[in-house]
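The next block is data20.cif, given as mmCIF, C-alpha atoms.
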```
data_upload
#
loop_
_atom_site.label_atom_id
_atom_site.label_comp_id
_atom_site.auth_asym_id
_atom_site.auth_seq_id
_atom_site.Cartn_x
_atom_site.Cartn_y
_atom_site.Cartn_z
CA MET A 5 20.39 -2.62 15.84
CA THR A 6 20.76 -0.11 13.03
CA ALA A 7 19.44 3.34 13.76
CA CYS A 8 19.36 6.67 11.98
CA ILE A 9 19.72 9.62 14.29
CA HIS A 10 18.38 12.92 13.06
CA SER A 11 20.48 15.98 13.83
CA SER A 12 20.06 19.68 13.32
CA ARG A 13 21.62 21.26 10.25
CA THR A 14 24.44 22.64 12.34
CA ASP A 15 25.20 19.27 13.90
CA THR A 16 25.01 17.55 10.52
CA ALA A 17 27.49 20.00 9.05
CA GLN A 18 29.85 19.39 11.93
CA MET A 19 29.61 15.63 11.53
CA ASN A 20 29.96 15.71 7.75
CA PRO A 21 33.62 15.06 6.91
CA LEU A 22 33.22 16.79 3.57
CA SER A 23 32.93 20.14 5.32
CA HIS A 24 36.06 19.73 7.47
CA ASP A 25 38.70 20.19 4.82
CA PRO A 26 37.60 21.12 1.28
CA ASN A 27 41.07 20.35 -0.03
CA ARG A 28 41.05 16.72 1.00
CA PRO A 29 41.45 14.66 -2.21
CA GLU A 30 39.68 11.52 -0.99
CA LEU A 31 37.01 10.42 1.46
CA ASP A 32 37.40 7.33 3.58
CA ASP A 33 34.61 4.87 2.85
CA HIS A 34 33.89 4.32 6.53
CA VAL A 35 32.91 7.98 6.88
CA TYR A 36 29.62 7.50 5.10
CA ASN A 37 29.09 3.75 5.43
CA TYR A 38 27.31 4.36 8.74
CA MET A 39 24.33 5.44 6.66
CA LYS A 40 24.23 2.22 4.67
CA PHE A 41 20.84 1.15 5.96
CA CYS A 42 19.36 4.62 6.42
CA ARG A 43 17.76 7.10 4.08
CA PRO A 44 20.07 10.12 4.12
CA GLY A 45 19.01 13.70 4.04
CA TYR A 46 15.49 13.37 5.44
CA SER A 47 13.93 15.25 8.31
CA ASP A 48 11.80 12.26 9.30
CA LEU A 49 14.49 9.64 9.86
CA VAL A 50 13.35 6.82 12.12
CA ASN A 51 14.77 3.74 13.78
CA PHE A 52 15.18 0.99 11.21
CA GLY A 53 16.07 -1.68 13.73
CA GLN A 54 12.82 -3.64 13.31
CA ASN A 55 13.22 -3.75 9.54
CA GLN A 56 16.95 -4.30 9.34
CA GLN A 57 16.69 -7.80 7.87
CA LYS A 58 14.20 -6.72 5.23
CA THR A 59 16.23 -3.65 4.29
CA SER A 60 19.44 -5.64 3.98
CA ARG A 61 17.76 -8.19 1.73
CA THR A 62 16.42 -5.44 -0.54
CA VAL A 63 19.86 -3.89 -0.90
CA ALA A 64 21.34 -7.27 -1.82
CA VAL A 65 18.75 -7.88 -4.52
CA VAL A 66 19.43 -4.51 -6.13
CA ASP A 67 23.21 -5.10 -6.30
CA ARG A 68 24.46 -4.61 -9.84
CA ASP A 69 26.83 -6.39 -12.15
CA GLU A 70 30.35 -5.14 -12.79
CA ASP A 71 29.38 -2.67 -15.53
CA GLY A 72 26.74 -1.13 -13.31
CA ASP A 73 29.12 -0.98 -10.38
CA ASP A 74 31.71 0.74 -12.58
CA LEU A 75 29.20 3.40 -13.59
CA TRP A 76 28.19 4.00 -9.98
CA LEU A 77 31.82 4.25 -8.88
CA THR A 78 32.42 6.74 -11.70
CA MET A 79 29.49 8.82 -10.47
CA LYS A 80 30.86 8.84 -6.93
CA ASP A 81 34.26 9.93 -8.23
CA GLU A 82 32.56 12.73 -10.17
CA ALA A 83 30.73 13.77 -7.00
CA ARG A 84 33.98 13.91 -5.03
CA SER A 85 35.56 16.00 -7.76
CA ASP A 86 32.62 18.42 -7.71
CA VAL A 87 32.90 18.74 -3.94
CA GLU A 88 36.59 19.58 -4.24
CA GLN A 89 35.69 22.38 -6.66
CA GLU A 90 32.62 23.58 -4.74
CA PRO A 91 32.88 22.72 -1.04
CA ILE A 92 29.57 24.51 -0.42
CA LEU A 93 27.90 21.51 -2.10
CA SER A 94 29.43 18.96 0.27
CA SER A 95 26.25 18.20 2.22
CA TYR A 96 24.22 18.09 -1.00
CA TYR A 97 26.47 15.51 -2.63
CA PHE A 98 26.87 13.56 0.57
CA SER A 99 23.12 13.18 1.00
CA LEU A 100 22.30 12.38 -2.63
CA ILE A 101 25.35 10.43 -3.84
CA LEU A 102 28.21 9.69 -1.48
CA SER A 103 26.16 8.17 1.36
CA HIS A 104 24.67 5.51 -0.95
CA ASP A 105 26.15 2.16 -1.89
CA SER A 106 24.24 1.69 -5.15
CA LEU A 107 22.61 3.55 -8.00
CA ALA A 108 19.24 2.07 -7.01
CA SER A 109 19.49 3.41 -3.48
CA ALA A 110 20.49 6.88 -4.65
CA LEU A 111 17.75 7.01 -7.28
CA ALA A 112 15.05 5.90 -4.85
CA ASN A 113 16.21 8.61 -2.47
CA HIS A 114 16.43 11.35 -5.11
CA LEU A 115 13.05 10.63 -6.72
CA SER A 116 11.32 10.38 -3.36
CA MET A 117 12.71 13.74 -2.34
CA LYS A 118 11.63 15.35 -5.62
CA LEU A 119 8.13 13.88 -5.77
CA SER A 120 7.09 13.91 -2.12
CA SER A 121 4.38 16.18 -0.74
CA SER A 122 2.67 16.70 2.61
CA PRO A 123 0.12 13.88 2.10
CA LEU A 124 2.70 11.73 0.27
CA PRO A 125 5.81 11.58 2.50
CA SER A 126 9.25 10.92 1.13
CA GLY A 127 9.70 7.82 3.28
CA THR A 128 6.69 6.14 1.71
CA LEU A 129 7.90 6.89 -1.81
CA HIS A 130 11.46 5.83 -1.01
CA ASP A 131 10.38 2.40 0.18
CA LEU A 132 8.07 2.05 -2.82
CA PHE A 133 10.76 2.94 -5.36
CA LEU A 134 13.42 0.79 -3.76
CA GLY A 135 11.01 -2.15 -3.64
CA VAL A 136 10.24 -1.80 -7.36
CA PHE A 137 13.94 -1.64 -8.21
CA ALA A 138 14.59 -4.76 -6.15
CA GLU A 139 11.73 -6.61 -7.83
CA ASP A 140 12.68 -5.71 -11.40
CA ARG A 141 16.42 -5.34 -11.90
CA GLU A 142 15.92 -4.54 -15.58
CA ILE A 143 14.73 -1.09 -14.52
CA ILE A 144 18.14 -0.21 -13.11
CA ARG A 145 19.83 -1.55 -16.24
CA ALA A 146 17.58 0.75 -18.27
CA VAL A 147 18.48 3.63 -15.93
CA GLU A 148 22.16 3.02 -16.63
CA ASP A 149 21.54 2.98 -20.39
CA ASP A 150 19.62 6.26 -20.10
CA LEU A 151 22.49 7.87 -18.19
CA LYS A 152 24.95 6.78 -20.86
CA ALA A 153 22.64 8.01 -23.63
CA VAL A 154 22.39 11.50 -22.20
CA LYS A 155 26.12 11.72 -21.55
CA GLU A 156 26.93 10.62 -25.10
CA ARG A 157 24.33 12.68 -26.99
CA ASP A 158 23.95 15.92 -25.07
CA PRO A 159 26.99 18.25 -25.18
CA ALA A 160 25.47 20.19 -22.25
CA CYS A 161 25.85 17.14 -19.99
CA ILE A 162 29.20 17.46 -18.24
CA SER A 163 29.06 14.23 -16.23
CA TYR A 164 26.89 11.27 -15.28
CA VAL A 165 26.27 12.69 -11.84
CA HIS A 166 25.23 16.00 -13.39
CA CYS A 167 22.57 14.20 -15.43
CA PHE A 168 21.44 12.14 -12.45
CA LEU A 169 20.99 15.14 -10.17
CA ASN A 170 19.83 17.87 -12.54
CA PHE A 171 18.25 16.59 -15.75
CA LYS A 172 14.52 16.46 -15.26
CA GLY A 173 13.94 14.54 -18.48
CA PHE A 174 16.08 11.72 -17.13
CA LEU A 175 14.34 11.79 -13.74
CA ALA A 176 10.86 11.89 -15.28
CA CYS A 177 11.70 8.88 -17.43
CA GLN A 178 12.87 6.85 -14.43
CA ALA A 179 9.78 7.76 -12.42
CA GLN A 180 7.67 6.56 -15.35
CA ARG A 181 9.50 3.24 -15.32
CA VAL A 182 8.34 2.79 -11.74
CA SER A 183 4.77 3.88 -12.48
CA HIS A 184 4.64 1.57 -15.50
CA LYS A 185 5.66 -1.38 -13.33
CA LEU A 186 2.89 -0.52 -10.88
CA TRP A 187 0.41 -0.09 -13.74
CA SER A 188 1.28 -3.52 -15.14
CA GLN A 189 0.65 -4.99 -11.68
CA GLY A 190 -2.84 -3.49 -11.55
CA ARG A 191 -1.87 -0.82 -9.00
CA LYS A 192 -3.33 1.87 -11.21
CA SER A 193 -4.30 4.45 -8.60
CA LEU A 194 -0.75 4.58 -7.27
CA ALA A 195 0.72 4.65 -10.79
CA LEU A 196 -1.51 7.57 -11.77
CA LEU A 197 -0.61 9.44 -8.61
CA ILE A 198 3.09 9.20 -9.50
CA GLN A 199 2.28 10.37 -13.04
CA ASN A 200 0.51 13.39 -11.59
CA ARG A 201 3.41 14.28 -9.30
CA VAL A 202 5.91 13.94 -12.16
CA SER A 203 3.76 16.24 -14.28
CA GLU A 204 3.57 18.81 -11.49
CA VAL A 205 7.27 18.70 -10.58
CA PHE A 206 8.97 18.14 -13.95
CA ALA A 207 6.34 19.39 -16.46
CA VAL A 208 6.56 16.00 -18.19
CA ASP A 209 3.35 13.99 -18.59
CA ILE A 210 3.92 10.34 -19.50
CA HIS A 211 1.07 7.93 -18.89
CA PRO A 212 2.10 4.91 -16.81
CA GLY A 213 0.65 2.63 -19.46
CA ALA A 214 3.17 3.80 -22.07
CA LYS A 215 5.99 1.38 -22.87
CA ILE A 216 9.46 2.89 -22.99
CA GLY A 217 12.69 1.24 -24.13
CA ARG A 218 16.28 1.82 -23.01
CA GLY A 219 18.86 4.41 -23.96
CA ILE A 220 16.22 7.15 -23.94
CA MET A 221 17.02 10.86 -23.91
CA LEU A 222 14.31 13.43 -23.19
CA ASP A 223 16.27 16.58 -23.94
CA HIS A 224 15.08 19.58 -21.88
CA ALA A 225 11.80 17.62 -21.63
CA THR A 226 9.48 20.49 -20.69
CA GLY A 227 6.06 19.91 -22.21
CA VAL A 228 6.62 16.30 -23.30
CA VAL A 229 3.31 14.38 -23.36
CA VAL A 230 3.08 10.64 -24.04
CA GLY A 231 -0.25 8.83 -24.16
CA GLU A 232 -1.34 5.57 -22.58
CA THR A 233 -0.86 3.18 -25.50
CA ALA A 234 2.28 4.79 -26.92
CA VAL A 235 5.39 2.67 -27.41
CA ILE A 236 8.91 4.12 -27.57
CA GLY A 237 11.75 1.89 -28.76
CA ASN A 238 15.38 1.78 -27.68
CA ASP A 239 17.88 4.60 -28.35
CA VAL A 240 15.23 7.24 -29.03
CA SER A 241 15.87 10.96 -28.54
CA ILE A 242 12.94 13.30 -27.95
CA LEU A 243 13.19 17.05 -27.48
CA HIS A 244 10.93 19.39 -25.53
CA ASN A 245 7.26 20.10 -26.26
CA VAL A 246 6.74 16.82 -28.11
CA THR A 247 3.32 15.18 -27.99
CA LEU A 248 2.75 11.50 -28.72
CA GLY A 249 -1.01 11.69 -28.50
CA GLY A 250 -4.31 10.42 -29.76
CA THR A 251 -6.55 12.03 -32.34
CA GLY A 252 -9.21 12.79 -29.75
CA LYS A 253 -11.83 10.47 -31.22
CA ALA A 254 -10.35 6.97 -31.08
CA SER A 255 -10.33 4.54 -28.17
CA GLY A 256 -8.26 1.47 -27.41
CA ASP A 257 -4.81 1.36 -29.03
CA ARG A 258 -4.73 4.99 -30.12
CA HIS A 259 -1.22 6.39 -29.66
CA PRO A 260 1.98 6.45 -31.74
CA LYS A 261 4.55 3.68 -31.96
CA ILE A 262 8.11 5.00 -32.13
CA GLY A 263 10.77 2.66 -33.53
CA GLU A 264 14.37 2.32 -32.42
CA GLY A 265 16.93 5.06 -33.01
CA VAL A 266 14.31 7.71 -33.83
CA LEU A 267 14.87 11.44 -33.36
CA ILE A 268 11.83 13.67 -32.76
CA GLY A 269 12.48 17.40 -32.91
CA ALA A 270 11.16 20.06 -30.55
CA GLY A 271 7.51 21.04 -30.78
CA THR A 272 6.46 18.01 -32.81
CA SER A 273 3.06 16.34 -32.51
CA VAL A 274 2.59 12.74 -33.58
CA LEU A 275 -1.09 11.93 -33.38
CA GLY A 276 -2.93 8.63 -33.62
CA ASN A 277 -1.84 5.01 -33.82
CA VAL A 278 0.84 5.64 -36.44
CA MET A 279 4.28 4.09 -36.77
CA ILE A 280 7.53 6.05 -36.90
CA GLY A 281 9.94 3.52 -38.37
CA ASP A 282 13.35 2.56 -37.03
CA GLY A 283 16.02 5.20 -37.60
CA ALA A 284 13.56 7.83 -38.82
CA LYS A 285 13.73 11.54 -38.08
CA VAL A 286 10.91 14.03 -37.55
CA GLY A 287 11.82 17.69 -37.88
CA ALA A 288 11.01 20.30 -35.26
CA GLY A 289 7.49 21.70 -35.30
CA SER A 290 6.06 18.93 -37.47
CA VAL A 291 2.59 17.42 -37.22
CA VAL A 292 2.64 13.73 -38.12
CA LEU A 293 -0.65 12.00 -38.89
CA LYS A 294 0.56 9.10 -41.05
CA GLU A 295 3.28 6.45 -40.94
CA VAL A 296 6.88 7.54 -41.40
CA PRO A 297 8.97 4.78 -43.03
CA ALA A 298 12.22 3.62 -41.48
CA ARG A 299 15.34 5.73 -42.15
CA THR A 300 13.39 8.62 -43.68
CA THR A 301 12.88 12.23 -42.63
CA ALA A 302 9.47 13.85 -42.19
CA VAL A 303 9.11 17.62 -41.90
CA GLY A 304 6.28 20.14 -41.88
CA ASN A 305 2.64 20.64 -40.99
CA PRO A 306 1.31 18.29 -42.11
CA ALA A 307 4.56 16.35 -42.26
CA ARG A 308 5.90 15.22 -45.63
CA LEU A 309 8.84 12.99 -46.49
CA ILE A 310 12.03 14.64 -47.75
CA GLY A 311 12.53 13.38 -51.28
CA GLY A 312 8.85 12.61 -51.73
CA LYS A 313 6.70 9.64 -50.91
CA GLU A 314 7.80 7.60 -53.92
CA ASN A 315 11.54 8.13 -53.53
CA PRO A 316 12.36 9.45 -50.03
CA ILE A 317 15.93 10.21 -49.09
CA MET A 318 17.21 7.38 -46.90
CA LEU A 319 19.31 8.18 -43.86
CA ASP A 320 22.63 6.36 -43.54
CA LYS A 321 23.06 7.07 -39.82
CA ILE A 322 20.86 6.63 -36.75
CA PRO A 323 19.46 10.09 -35.93
CA GLY A 324 18.49 9.13 -32.39
CA LEU A 325 22.20 8.67 -31.72
CA THR A 326 23.75 11.40 -33.89
CA MET A 327 21.20 14.10 -32.91
CA ASP A 328 21.59 15.54 -36.43
CA GLN A 329 18.53 17.73 -36.91
CA THR A 330 19.48 19.69 -40.04
CA SER A 331 20.89 17.26 -42.60
CA HIS A 332 19.16 17.19 -46.03
CA ILE A 333 17.59 20.59 -45.34
CA SER A 334 18.23 21.56 -48.97
CA GLY A 335 16.02 18.68 -50.02
CA TRP A 336 12.87 20.34 -48.78
CA SER A 337 13.60 24.04 -48.34
CA ASP A 338 15.42 26.95 -50.00
CA TYR A 339 15.50 28.70 -46.64
CA VAL A 340 18.19 31.38 -46.41
CA ILE A 341 18.96 34.36 -44.17
#
```
Go ahead and express the file in the form of structure tokens.
Amino acid sequence: MTACIHSSRTDTAQMNPLSHDPNRPELDDHVYNYMKFCRPGYSDLVNFGQNQQKTSRTVAVVDRDEDGDDLWLTMKDEARSDVEQEPILSSYYFSLILSHDSLASALANHLSMKLSSSPLPSGTLHDLFLGVFAEDREIIRAVEDDLKAVKERDPACISYVHCFLNFKGFLACQAQRVSHKLWSQGRKSLALLIQNRVSEVFAVDIHPGAKIGRGIMLDHATGVVVGETAVIGNDVSILHNVTLGGTGKASGDRHPKIGEGVLIGAGTSVLGNVMIGDGAKVGAGSVVLKEVPARTTAVGNPARLIGGKENPIMLDKIPGLTMDQTSHISGWSDYVI
């Protein structure tokens, strides 16, 4: 029988090996493997003995391939390093990272803690998230691609574990992946409830009907709004206060379609069922109401193509990857200070 025994904070600290000797370079795996079948860090831990077989099967389904395992092992190494530098965070990292045997388990735990409320307990959300990850393994592969995207593109991201724990754009995107799966299964009330909690907690409002690719970075993310029929391709970078919305008068398929490798600057609004082509860039503060061709740059309110509609300047790099927001500025502005 596998059981989780809840202890007081004092007892937990005494049992936690991370708090014994901050200078210890390594942790023995057996120290935290006792929590393998338990949700760590909750105040409502219960006996899992009756569901041990089901829980074990779920964990096995979520197991990752070698690349995914390598990323998770890297994150655990980063967590250990952070604990060595800041022993005060030992319990925090133990609960959220080091007590888990997979990225899926840790993410289900972290999201459930973030999004829970009094009428929506963390245990219910944890089981829901873990079940979705077990059912659709592509979600975890997308999660890994998102982690790598943020680490590669954002100079403020110091590690994978830093992104996982602290970047609300990343967390909001992963919660939407779960809500989208539920939406596609017809579980719309539950999907919309998760959308609402994400909006309240992270200030990011992405409809569960929206389709989102992999390698996505929502940088800062505050104020991002994505409508129901929007589509976002792979390797897209979106900054804060971006709206992918409708025009307010259309129904049906009414939201933007964002191609692969697109960069959308802060404060931009793309309105209506318009296409932003692969590798295009939209400058900060723009209002886009018409199609933006692939590999071009649109800037302004209303947005216009740099170089003109007939002969726009074509980008030779993928802006969603380079995060270059100021190239070709001389082509549309004589702005000086």
Ranking A:His130, A:Pro297, A:Lys80, A:Asp86 by minimum distance to Ser106 in chain A and counting all atoms listed in the file, which one comes first?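 Looking only at the distances to Ser106 in chain A, the closest residue turns out to be A:Lys80.
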Could you list, as number ranges by chain, every residue matched by the PyMOL selection byres ((chain A and resi 134-139) around 7) in this structure? A: 62, 65-66, 108-109, 112, 130-133, 140-141, 143-144, 182
Which of A:Val235, A:Ala83, A:Leu194, A:Ile210 sits closest to Cys167 in chain A [using all atoms listed in the file]: A:Ala83
If we count only C-alpha atoms and set the cut-off at 12 Å, which residues sit around Gly263 in chain A, ignoring sequence neighbours fewer than 6 positions away in its own chain? Please answer as a count of residues only. 29
Which residues come within 12 Å of Ser331 in chain A, counting all atoms listed in the file, excluding same-chain residues fewer than 4 positions away, as a PyMOL selection string? chain A and resi 285-287+300-303+310+317-321+323+326-327+335-337
Using the chain letters and numbering of this document, enumerate as an MDAnalysis selection string the residues selected by the PyMOL selection byres ((chain A and resi 79) around 12). chainID A and resid 72:78 80:86 97 100:102 104:107 110 148 151:152 155 162:169
